[in-house]
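Here's the structure, in structure tokens; my notes come after.
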Amino acid sequence: MKNNEAPKKIYLKDYREPSYWIKKTTLDVQIYDGHTDVTATLLLERNANDESRKLSLDGDSLELRGLTLDGKKLDDTQYVLDAEHLTLENLSDQHELIIETRIYPETNTSLEGLYKSRLIYCTQCEAEGFRKITYYLDRPDVMSEFTTRITADKTRCPILLSNGNKIDEGECANDRHFAVWHDPHLKPAYLFALVAGELSLLEDRFTTCSGRDVLLQIWVEEKDLDKCAHAMDSLKRSMAWDEQRYGREYDLDIFMIVAVDDFNMGAMENKGLNIFNTSCVLAKKETTTDAEFQRVEGVVAHEYFHNWSGNRVTCRDWFQLSLKEGFTVFRDAQFSSDMGSATVKRVEDVLLLRAAQFAEDAGPMAHPVQPDAFIEISNFYTLTIYEKGAEVVRMLHTLLGETLFRKGSDLYFERHDGQAVTIDDFVRAMEEVSGRDLSQFKRWYKQAGTPELEVSSEYIEASEEYVLQFKQRCRPTVECKEKQPFVIPVDLSLLGDAGKLPLNLKDQLDPERSDNTRMVIELTEAEERFVFTGVKELPAPALLRGFSAPVKLRYRYTDEQLLRILKLEDDGFCRWDAAQQLMIREIDRIREALVADPSPAISPALVDALTAVLADDSLDPAMVSLMLTVPSEKYLNELGEQVEVEATHHARQLLERKLAKALAEPLLQCYELMRARQAAKPYSVVAADVAERALQNTALHLLSILGDEKSLALVQQQFAEADNMTDELAAFKALVHSTRSRFDSAKTDAIQRFYTKWQAEALVVNHWFSVQASSPAPDVLEQVKALMTHPAFDMKNPNKLRALIGAFCNNVTGFHNANGLGYAFLGDRIIELNRSNPQIAARLLTPLTKWRRYDEKRQEKMKAQLERIQSEPNLSKDVFEVVSKSLELS
């Protein structure tokens with residue numbers, strides 16, 4: 001974008017079908033050192049619903065070398081070519097168009113289209129990367145049958161892969177060879193994939209529910225072949241689960257995964273040939289944490305589930321992105337819950353929503369789950385589209401129930417198989433099977449922002465009635481100032497001194513309820529009142545059980561009520577949330593008390609409650625770990641109107657220290673018990689073992705805060721003896737993040753030892769970068785700058801950028817140092833990345849977009865960096881959109 005003129009905004013209301021369809025696409029891709037030649041043969045057919053005879057194909061950074069229409073070469077007077085389009089006019093109903101282009105994968109740093117990652121040529125075409133390969137109608141509603149021939153040097157590219165089934169291969173002159181792949185399923189260009197390079201193979205098979213044999217392949221560099229077994233097992237579990245839970249069977253003879261080092265995203269669901277970031281495939285105990293094992297399983301499942309919710313049924317336009325992503329995130333969350341602990345998975349999802357998605361809803365990039373406009377679609381691969389979109393689907397599941405939701409998904413898949421459709425089509429299927437009018441529910445798709453649910457209560461002892469009054473509101477966002485009421489499902493129970501109380505709504509009977517101690521009520525108005533009868537004591541209401549709606553709950557719980565929920569409620573989310581709320585209150589009290597007292601006391605009731613949690617053998621150790629974890633600074637900073645950087649940091653730090661000291665004895669006992677259990681059996685990633693390691697390492701973290709000789713010895717021992725990356729990294733982080741001088745020597749030694757040991761493992765080195773970049777050390781920025789010159793750091797690799805620069809920008813006290821140097825550092829990096837990888841630049845910009853929430857001096861410094869970036873010549877659309885929205889109304 002030259003001279004930073006405002007790029008064109010694209011609106012949902014302007015959607016029109018294309019004037020032509022591409023019925024068949026045949027690609028001939030000739031890979032050479034330094035360049036690649038692509039010949040695309042397109043069979044065009046005019047759209048009967050469109051009167052235009054004009055065809056405008058998308059293109060980006062292409063070198064046009066030839067154009068042939070129906071066998072006749074065209075000269076440059078017979079078409080119009082500009083930086084973004086190739087246009088032909090006065091066309092007939094049908095044509096064969098042959099387009100010859102040259103591209104340069106080796107110098108393609110944007111990592112879109114065809115590019116080279118180490119030894120591998122690979123593609124990334126979602127959302128609009130195919131236009132960097134050839135001129136095309138690069139939009140999801142143009143679905144075509146693809147045949148791809150790849151030719152390359154046999155030595156440098158012995159493996160040649162594309163979508164579908166291989167139908168031919170052979171030798172060529174000059175020590176070259178070819179392979180031809182055909183995909184029988186119609187697909188849009190964003191699902192196209194091509195891989196060529198030096199790759200090694202892990203192979204397996206899966207028999208589908210109808211008895212079909214499917215070949216499964218995972219392709220990686222030779223050095224990584226020993227880290228693929230978990231991904232393969234995850235793939236087979238995903239295939240079986242999707243058959244059992246959704247009745248979806250795989251439809252090709254082969255399913256392939258390829259892992260590459262350089263990838264802007266986590267993975268991509270290209271039909272039959274999924275291309276993954278190595279971080280989402282490679283896993284073994286020595287180099288991979290439990291959380292990463294779970295991530296690999298979840299991402300493999302997500303991309304596989306896309307075969308139906310995204311590929312067989314795709315989105316009509318990019319405004320419908322959550323149609324495939326929100327639905328598929330919901331499906332992969334169900335899968336992960338079934339494979340492990342449902343409660344722990346739910347808490348982890350809520351943590352992400354509260355700390356990051358709610359912040360997105362409250363920031364300048366706020367948008368509905370179905371946006372109404374965008375400048376650069378890559379900026380809308382957001383937590384709102386994915387995670388909030390999944391929550392919207394989850395609410396549908398809650399409102400309809402498992403049986404009707406399954407009937408709705410079956411109808412959706414059967415009705416729209418092979419089509420590009422809309423969110424309305426998905427909701428309509430749910431309406432038809434349930435007989436419900438979901439028009440109000442669709443406000444979740446149309447309205448941005450996080451609803452706030454204010455709840456008040458009254459207990460009328462004389463009539464044994466308990467009244468809950470609900471008020472919902474949603475703050476204005478750019479697209480809509482006045483929000484209409486949402487449909488909000490509230491799963492609730494009432495707790496008495498001895499446990500749950502029966503729930504009976506006044507003047508309402510529901511004989512079909514199997515559990516009379518819990519209920520889902522549906523809020524549809526701005527204000528609503530519910531009266532429960534036969535309530536024989538003042539209860540503590542457990543609201544939003546399982547986090548039944550993505551809202552901010554405002555209810556004035558007493559400490560006693562929270563303690564009752566923590567002790568008696570059987571919903572794991574509510575128990576965890578009660579512990580979090582008690583800790584947040586404690587942090588607020590400490591923050592106020594610190595004005596006059598450098599070391600205020602903490603609540604004995606909180607200490608007693610957490611002591612009881614540690615002593616409760618009936619609890620899942622993973623839940624105990626979560627309940628002992630103090631809310632993050634990132635989440636705490638989202639709770640107030642203005643971020644108080646230092647005050648929140650000091651109060652949180654003091655609470656952790658006080659808890660560590662008060663709980664030292666039971667924490668040590670717990671740590672030793674978990675260590676002994678793990679030592680008595682071989683390592684595994686089954687849920688029970690993962691839970692024990694989680695609790696062990698939470699205990700180690702808190703004990704390390706004590707900073708005494710005993711805790712230092714514990715940390716050093718675990719660091720030295722760990723036989724898995726979960727334990728080793730936990731100890732490494734405890735050493736590096738310690739603020740105690742007693743740890744200094746051990747810290748320096750650990751940093752050197754960790755790198756020396758793991759320097760050949762790129763993903764482990766990323767941990768090495770991240771732990772140092774997230775350190776609370778006052779000179780962390782200087783450390784980060786020094787690490788940027790380290791031989792292991794690569795400014796062109798997204799994983800390295802996220803590991804070092806991304807981790808530093810999420811380091812609240814380091815990045816938001818009052819001197820503003822962190823902001824200037826990020827500004828420099830964004831300007832640099834704008835020229836090489838605009839997608840990553842735009843994503844790293846996020847911390848600066850929240851500048852209005854800080855104090856006046858920080859605001860000035862953050863805004864100055866945004867203005868500096870905005871003034872850069874040739875700003876990409878990606879960065880321009882984020883910066884301009886961040887500065888609007890200023």
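Within each chain, counting starts at residue 1; across the structure tokens, chains are named A, B, ... in the order shown, with ligands numbered 1 upward in that order.
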
Output as a PyMOL selection string all residues of segment 133-250 of chain A that backbone DSSP marks as strand (DSSP E). chain A and resi 144-153+159-162+165-172+176-187+194-197+200-207+213-220

Pick out the residues sitting within 9 Å of Glu633 of chain A, and hand them over as a PyMOL selection string; count only C-alpha atoms, and ignore anything fewer than 4 positions along from it in its own chain. chain A and resi 637-638+645+648-649+652+812

Next, the residues of the selection above should be written as a compact mmCIF listing (two decimals), in the first residue's frame with N, CA, C and O atoms.
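Output file result-v8.txt is given in full below:
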```txt
# COMPACT_ATOMS: atom_id res chain seq x y z
N ASN A 637 -5.23 -7.44 35.12
CA ASN A 637 -5.22 -6.12 34.48
C ASN A 637 -6.46 -5.89 33.62
O ASN A 637 -6.75 -4.75 33.25
N GLU A 638 -7.19 -6.95 33.30
CA GLU A 638 -8.42 -6.80 32.51
C GLU A 638 -9.63 -6.49 33.39
O GLU A 638 -10.70 -6.17 32.88
N VAL A 645 -0.11 -1.04 36.70
CA VAL A 645 0.96 -2.01 36.44
C VAL A 645 1.70 -2.42 37.71
O VAL A 645 1.71 -3.59 38.10
N THR A 648 -0.59 -3.74 40.89
CA THR A 648 -1.10 -5.10 40.71
C THR A 648 0.02 -6.12 40.81
O THR A 648 -0.12 -7.17 41.45
N HIS A 649 1.16 -5.80 40.20
CA HIS A 649 2.30 -6.72 40.24
C HIS A 649 2.75 -6.97 41.68
O HIS A 649 2.92 -8.13 42.09
N ARG A 652 0.06 -8.98 43.74
CA ARG A 652 0.01 -10.38 43.35
C ARG A 652 1.24 -11.12 43.85
O ARG A 652 1.15 -12.25 44.36
N VAL A 812 4.31 -8.28 31.62
CA VAL A 812 3.63 -7.03 31.98
C VAL A 812 4.60 -5.99 32.53
O VAL A 812 4.66 -4.85 32.05
```

Which residues of segment 166-231 of chain A come within 10 Å of segment 24-36 of chain A, and what is each one's closest atom pair and distance in Å (one decimal), counting only C-alpha atoms, sorted by chain and residue number, as JSON lines?
```
{"residue": "A:Arg176", "atom": "CA", "partner": "A:Ile31", "partner_atom": "CA", "distance": 9.8}
{"residue": "A:Phe178", "atom": "CA", "partner": "A:Gln30", "partner_atom": "CA", "distance": 9.0}
{"residue": "A:Val180", "atom": "CA", "partner": "A:Asp28", "partner_atom": "CA", "distance": 9.0}
{"residue": "A:Trp181", "atom": "CA", "partner": "A:Leu27", "partner_atom": "CA", "distance": 9.9}
{"residue": "A:His182", "atom": "CA", "partner": "A:Thr26", "partner_atom": "CA", "distance": 9.2}
{"residue": "A:Leu186", "atom": "CA", "partner": "A:Lys24", "partner_atom": "CA", "distance": 8.8}
{"residue": "A:Ala189", "atom": "CA", "partner": "A:Thr25", "partner_atom": "CA", "distance": 9.5}
{"residue": "A:Leu194", "atom": "CA", "partner": "A:Val29", "partner_atom": "CA", "distance": 9.4}
{"residue": "A:Ala196", "atom": "CA", "partner": "A:Ile31", "partner_atom": "CA", "distance": 8.7}
```

Atoms to include: all heavy atoms. Write the selected residues as a PDB file, in the first residue's frame.
```pdb
ATOM      1  N   ARG A 176      15.244 -35.044 -13.021  1.00  0.00           N
ATOM      2  CA  ARG A 176      14.030 -34.515 -12.407  1.00  0.00           C
ATOM      3  C   ARG A 176      12.940 -35.586 -12.416  1.00  0.00           C
ATOM      4  O   ARG A 176      13.029 -36.580 -13.146  1.00  0.00           O
ATOM      5  CB  ARG A 176      13.549 -33.251 -13.152  1.00  0.00           C
ATOM      6  CG  ARG A 176      14.481 -32.061 -12.928  1.00  0.00           C
ATOM      7  CD  ARG A 176      14.178 -30.912 -13.884  1.00  0.00           C
ATOM      8  NE  ARG A 176      12.879 -30.287 -13.680  1.00  0.00           N
ATOM      9  CZ  ARG A 176      12.587 -29.419 -12.718  1.00  0.00           C
ATOM     10  NH1 ARG A 176      13.529 -29.056 -11.839  1.00  0.00           N
ATOM     11  NH2 ARG A 176      11.384 -28.878 -12.625  1.00  0.00           N
ATOM     12  N   PHE A 178       8.381 -36.308 -11.481  1.00  0.00           N
ATOM     13  CA  PHE A 178       7.093 -35.641 -11.327  1.00  0.00           C
ATOM     14  C   PHE A 178       6.132 -36.539 -10.556  1.00  0.00           C
ATOM     15  O   PHE A 178       6.316 -37.757 -10.439  1.00  0.00           O
ATOM     16  CB  PHE A 178       6.495 -35.289 -12.699  1.00  0.00           C
ATOM     17  CG  PHE A 178       5.952 -36.491 -13.444  1.00  0.00           C
ATOM     18  CD1 PHE A 178       4.626 -36.872 -13.302  1.00  0.00           C
ATOM     19  CD2 PHE A 178       6.772 -37.239 -14.284  1.00  0.00           C
ATOM     20  CE1 PHE A 178       4.125 -37.989 -13.968  1.00  0.00           C
ATOM     21  CE2 PHE A 178       6.280 -38.358 -14.959  1.00  0.00           C
ATOM     22  CZ  PHE A 178       4.953 -38.736 -14.795  1.00  0.00           C
ATOM     23  N   VAL A 180       1.615 -36.596 -10.002  1.00  0.00           N
ATOM     24  CA  VAL A 180       0.325 -35.973 -10.310  1.00  0.00           C
ATOM     25  C   VAL A 180      -0.683 -36.387  -9.250  1.00  0.00           C
ATOM     26  O   VAL A 180      -0.829 -37.583  -8.947  1.00  0.00           O
ATOM     27  CB  VAL A 180      -0.190 -36.391 -11.705  1.00  0.00           C
ATOM     28  CG1 VAL A 180      -1.524 -35.706 -12.011  1.00  0.00           C
ATOM     29  CG2 VAL A 180       0.842 -36.055 -12.777  1.00  0.00           C
ATOM     30  N   TRP A 181      -1.352 -35.384  -8.699  1.00  0.00           N
ATOM     31  CA  TRP A 181      -2.352 -35.616  -7.645  1.00  0.00           C
ATOM     32  C   TRP A 181      -3.704 -35.094  -8.109  1.00  0.00           C
ATOM     33  O   TRP A 181      -3.795 -34.021  -8.707  1.00  0.00           O
ATOM     34  CB  TRP A 181      -1.939 -34.901  -6.361  1.00  0.00           C
ATOM     35  CG  TRP A 181      -0.706 -35.468  -5.719  1.00  0.00           C
ATOM     36  CD1 TRP A 181       0.577 -35.227  -6.088  1.00  0.00           C
ATOM     37  CD2 TRP A 181      -0.658 -36.379  -4.635  1.00  0.00           C
ATOM     38  NE1 TRP A 181       1.448 -35.928  -5.290  1.00  0.00           N
ATOM     39  CE2 TRP A 181       0.710 -36.651  -4.382  1.00  0.00           C
ATOM     40  CE3 TRP A 181      -1.624 -37.012  -3.847  1.00  0.00           C
ATOM     41  CZ2 TRP A 181       1.124 -37.504  -3.367  1.00  0.00           C
ATOM     42  CZ3 TRP A 181      -1.219 -37.865  -2.830  1.00  0.00           C
ATOM     43  CH2 TRP A 181       0.142 -38.111  -2.597  1.00  0.00           C
ATOM     44  N   HIS A 182      -4.737 -35.855  -7.808  1.00  0.00           N
ATOM     45  CA  HIS A 182      -6.094 -35.452  -8.177  1.00  0.00           C
ATOM     46  C   HIS A 182      -6.993 -35.483  -6.931  1.00  0.00           C
ATOM     47  O   HIS A 182      -7.015 -36.475  -6.200  1.00  0.00           O
ATOM     48  CB  HIS A 182      -6.674 -36.386  -9.244  1.00  0.00           C
ATOM     49  CG  HIS A 182      -8.109 -36.105  -9.562  1.00  0.00           C
ATOM     50  ND1 HIS A 182      -9.134 -36.979  -9.251  1.00  0.00           N
ATOM     51  CD2 HIS A 182      -8.704 -35.021 -10.136  1.00  0.00           C
ATOM     52  CE1 HIS A 182     -10.292 -36.463  -9.635  1.00  0.00           C
ATOM     53  NE2 HIS A 182     -10.062 -35.284 -10.164  1.00  0.00           N
ATOM     54  N   LEU A 186     -14.696 -31.120  -4.728  1.00  0.00           N
ATOM     55  CA  LEU A 186     -14.599 -29.703  -5.046  1.00  0.00           C
ATOM     56  C   LEU A 186     -14.092 -28.943  -3.830  1.00  0.00           C
ATOM     57  O   LEU A 186     -14.500 -29.204  -2.702  1.00  0.00           O
ATOM     58  CB  LEU A 186     -15.972 -29.157  -5.460  1.00  0.00           C
ATOM     59  CG  LEU A 186     -16.640 -29.787  -6.673  1.00  0.00           C
ATOM     60  CD1 LEU A 186     -17.973 -29.103  -6.949  1.00  0.00           C
ATOM     61  CD2 LEU A 186     -15.741 -29.721  -7.898  1.00  0.00           C
ATOM     62  N   ALA A 189      -9.781 -22.442  -3.415  1.00  0.00           N
ATOM     63  CA  ALA A 189      -8.324 -22.360  -3.534  1.00  0.00           C
ATOM     64  C   ALA A 189      -7.625 -22.295  -2.190  1.00  0.00           C
ATOM     65  O   ALA A 189      -6.467 -22.708  -2.074  1.00  0.00           O
ATOM     66  CB  ALA A 189      -7.950 -21.143  -4.378  1.00  0.00           C
ATOM     67  N   LEU A 194       0.574 -27.910  -1.482  1.00  0.00           N
ATOM     68  CA  LEU A 194       1.671 -28.529  -2.227  1.00  0.00           C
ATOM     69  C   LEU A 194       2.887 -28.571  -1.321  1.00  0.00           C
ATOM     70  O   LEU A 194       3.179 -27.589  -0.622  1.00  0.00           O
ATOM     71  CB  LEU A 194       1.964 -27.728  -3.492  1.00  0.00           C
ATOM     72  CG  LEU A 194       3.093 -28.208  -4.418  1.00  0.00           C
ATOM     73  CD1 LEU A 194       2.827 -27.734  -5.846  1.00  0.00           C
ATOM     74  CD2 LEU A 194       4.473 -27.715  -3.972  1.00  0.00           C
ATOM     75  N   ALA A 196       7.063 -30.119  -1.419  1.00  0.00           N
ATOM     76  CA  ALA A 196       8.141 -30.785  -2.140  1.00  0.00           C
ATOM     77  C   ALA A 196       9.424 -30.614  -1.339  1.00  0.00           C
ATOM     78  O   ALA A 196       9.730 -29.509  -0.897  1.00  0.00           O
ATOM     79  CB  ALA A 196       8.299 -30.192  -3.543  1.00  0.00           C
TER      80      ALA A 196
END
```

Residues at most 9 Å from Glu479 of chain A, counting only C-alpha atoms, excluding those fewer than 5 positions away in the same chain, as a list of chain:residue names?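 Those residues are A:Ala366, A:His367, A:Pro368, A:Pro371, A:Asp372, A:Gln447, A:Ala448.
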
Those same residues, written as a compact mmCIF listing (two decimals), in the first residue's frame with N, CA, C and O atoms?
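So selection-v7.txt came out as:
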```txt
# COMPACT_ATOMS: atom_id res chain seq x y z
N ALA A 366 -12.25 -4.93 18.42
CA ALA A 366 -13.48 -5.66 18.73
C ALA A 366 -14.33 -5.83 17.47
O ALA A 366 -14.48 -4.90 16.69
N HIS A 367 -14.88 -7.02 17.30
CA HIS A 367 -15.74 -7.29 16.16
C HIS A 367 -16.69 -8.42 16.50
O HIS A 367 -16.41 -9.23 17.39
N PRO A 368 -17.80 -8.51 15.83
CA PRO A 368 -18.72 -9.62 16.08
C PRO A 368 -18.12 -10.95 15.61
O PRO A 368 -17.16 -10.97 14.83
N PRO A 371 -18.19 -10.75 11.45
CA PRO A 371 -17.89 -9.33 11.20
C PRO A 371 -18.72 -8.80 10.04
O PRO A 371 -19.18 -9.55 9.17
N ASP A 372 -18.92 -7.49 10.04
CA ASP A 372 -19.65 -6.89 8.92
C ASP A 372 -18.73 -6.20 7.93
O ASP A 372 -19.15 -5.80 6.84
N GLN A 447 -23.53 -9.12 17.22
CA GLN A 447 -23.15 -8.05 18.14
C GLN A 447 -21.81 -8.34 18.79
O GLN A 447 -21.60 -9.42 19.33
N ALA A 448 -20.91 -7.36 18.74
CA ALA A 448 -19.60 -7.51 19.36
C ALA A 448 -19.71 -7.19 20.85
O ALA A 448 -20.71 -6.67 21.34
```

Do you know which residues are at most 7 Å from Ser886 of chain A counting only C-alpha atoms, after dropping those on the same chain fewer than 4 positions away, and could you put them as a compact mmCIF listing (two decimals) with N, CA and C atoms, in the first residue's frame?
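Output saved as selection01.txt:
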```txt
# COMPACT_ATOMS: atom_id res chain seq x y z
N PRO A 364 -9.80 -1.95 20.48
CA PRO A 364 -10.12 -1.31 19.20
C PRO A 364 -10.38 -2.31 18.08
N THR A 849 -2.16 -1.86 21.08
CA THR A 849 -3.52 -1.45 20.75
C THR A 849 -4.33 -1.10 21.99
N VAL A 882 -4.77 -2.52 11.86
CA VAL A 882 -4.65 -2.58 13.32
C VAL A 882 -4.27 -1.21 13.88
```

Write out as a list in words each polymer residue whose atoms come within 7 Å of Gly449 of chain A, counting only C-alpha atoms; drop sequence neighbours fewer than 2 positions from it.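 Within the cut-off, the hits are Asp361, Ala362, Ala366, Gln447, Pro451, Cys474, Arg475 and Thr477 of chain A.
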
Take the selection from the previous step and output its residues with N, CA, C and O atoms, as a PDB file, in the first residue's frame.
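Produced file out_21.pdb, reproduced below:
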```pdb
ATOM      1  N   ASP A 361     -12.587  -8.120  22.945  1.00  0.00           N
ATOM      2  CA  ASP A 361     -13.919  -7.522  22.877  1.00  0.00           C
ATOM      3  C   ASP A 361     -13.934  -6.074  23.362  1.00  0.00           C
ATOM      4  O   ASP A 361     -14.770  -5.278  22.932  1.00  0.00           O
ATOM      5  N   ALA A 362     -13.032  -5.760  24.281  1.00  0.00           N
ATOM      6  CA  ALA A 362     -13.020  -4.418  24.877  1.00  0.00           C
ATOM      7  C   ALA A 362     -12.035  -3.477  24.197  1.00  0.00           C
ATOM      8  O   ALA A 362     -11.895  -2.321  24.603  1.00  0.00           O
ATOM      9  N   ALA A 366     -12.251  -4.934  18.419  1.00  0.00           N
ATOM     10  CA  ALA A 366     -13.479  -5.660  18.733  1.00  0.00           C
ATOM     11  C   ALA A 366     -14.327  -5.825  17.474  1.00  0.00           C
ATOM     12  O   ALA A 366     -14.479  -4.898  16.687  1.00  0.00           O
ATOM     13  N   GLN A 447     -23.532  -9.117  17.220  1.00  0.00           N
ATOM     14  CA  GLN A 447     -23.154  -8.046  18.144  1.00  0.00           C
ATOM     15  C   GLN A 447     -21.807  -8.342  18.789  1.00  0.00           C
ATOM     16  O   GLN A 447     -21.595  -9.418  19.329  1.00  0.00           O
ATOM     17  N   PRO A 451     -21.113  -9.472  27.001  1.00  0.00           N
ATOM     18  CA  PRO A 451     -22.228  -9.082  27.874  1.00  0.00           C
ATOM     19  C   PRO A 451     -21.832  -9.134  29.345  1.00  0.00           C
ATOM     20  O   PRO A 451     -21.049  -9.997  29.766  1.00  0.00           O
ATOM     21  N   CYS A 474     -24.521  -4.830  27.438  1.00  0.00           N
ATOM     22  CA  CYS A 474     -23.284  -4.989  26.676  1.00  0.00           C
ATOM     23  C   CYS A 474     -22.824  -3.601  26.258  1.00  0.00           C
ATOM     24  O   CYS A 474     -23.605  -2.822  25.698  1.00  0.00           O
ATOM     25  N   ARG A 475     -21.595  -3.276  26.554  1.00  0.00           N
ATOM     26  CA  ARG A 475     -21.090  -1.929  26.293  1.00  0.00           C
ATOM     27  C   ARG A 475     -20.973  -1.661  24.790  1.00  0.00           C
ATOM     28  O   ARG A 475     -20.792  -2.584  23.999  1.00  0.00           O
ATOM     29  N   THR A 477     -19.695  -0.908  21.129  1.00  0.00           N
ATOM     30  CA  THR A 477     -18.490  -1.160  20.334  1.00  0.00           C
ATOM     31  C   THR A 477     -18.665  -0.434  19.006  1.00  0.00           C
ATOM     32  O   THR A 477     -19.717   0.128  18.719  1.00  0.00           O
TER      33      THR A 477
END
```

8 Å contact set for Trp851 of chain A, only C-alpha atoms, chain neighbours under 6 positions out, as a PyMOL selection string: chain A and resi 858-859+862-863

Those same residues, written as a PDB file, in the first residue's frame with N, CA, C and O atoms?
```pdb
ATOM      1  N   ARG A 858       2.110   6.488  30.180  1.00  0.00           N
ATOM      2  CA  ARG A 858       2.254   5.305  29.331  1.00  0.00           C
ATOM      3  C   ARG A 858       1.432   5.466  28.055  1.00  0.00           C
ATOM      4  O   ARG A 858       1.857   5.056  26.978  1.00  0.00           O
ATOM      5  N   GLN A 859       0.237   6.039  28.171  1.00  0.00           N
ATOM      6  CA  GLN A 859      -0.578   6.294  26.987  1.00  0.00           C
ATOM      7  C   GLN A 859       0.192   7.104  25.947  1.00  0.00           C
ATOM      8  O   GLN A 859       0.186   6.785  24.753  1.00  0.00           O
ATOM      9  N   MET A 862       2.894   4.877  24.282  1.00  0.00           N
ATOM     10  CA  MET A 862       2.352   3.832  23.418  1.00  0.00           C
ATOM     11  C   MET A 862       1.749   4.443  22.150  1.00  0.00           C
ATOM     12  O   MET A 862       1.958   3.948  21.038  1.00  0.00           O
ATOM     13  N   LYS A 863       1.009   5.527  22.333  1.00  0.00           N
ATOM     14  CA  LYS A 863       0.393   6.190  21.187  1.00  0.00           C
ATOM     15  C   LYS A 863       1.460   6.715  20.223  1.00  0.00           C
ATOM     16  O   LYS A 863       1.308   6.627  18.994  1.00  0.00           O
TER      17      LYS A 863
END
```

Please report the interatomic distance between atom CA of Val258 of chain A and atom CA of Ile218 of chain A in Å with one decimal. 5.8 Å

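Atom CA of Pro631 of chain A is found 19.7 Å from atom CA of Gln561 of chain A.
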
Please determine, counting only C-alpha atoms, which residue among A:Val595, A:Ile584, A:Leu282, A:Ala622 has the shortest atom-to-atom distance to Gly572 of chain A. A:Ala622

At what distance in Å, to one decimal, does atom CA of Val300 of chain A lie from atom CA of Ala231 of chain A?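 Atom CA of Val300 of chain A lies at a distance of 6.8 Å from atom CA of Ala231 of chain A.
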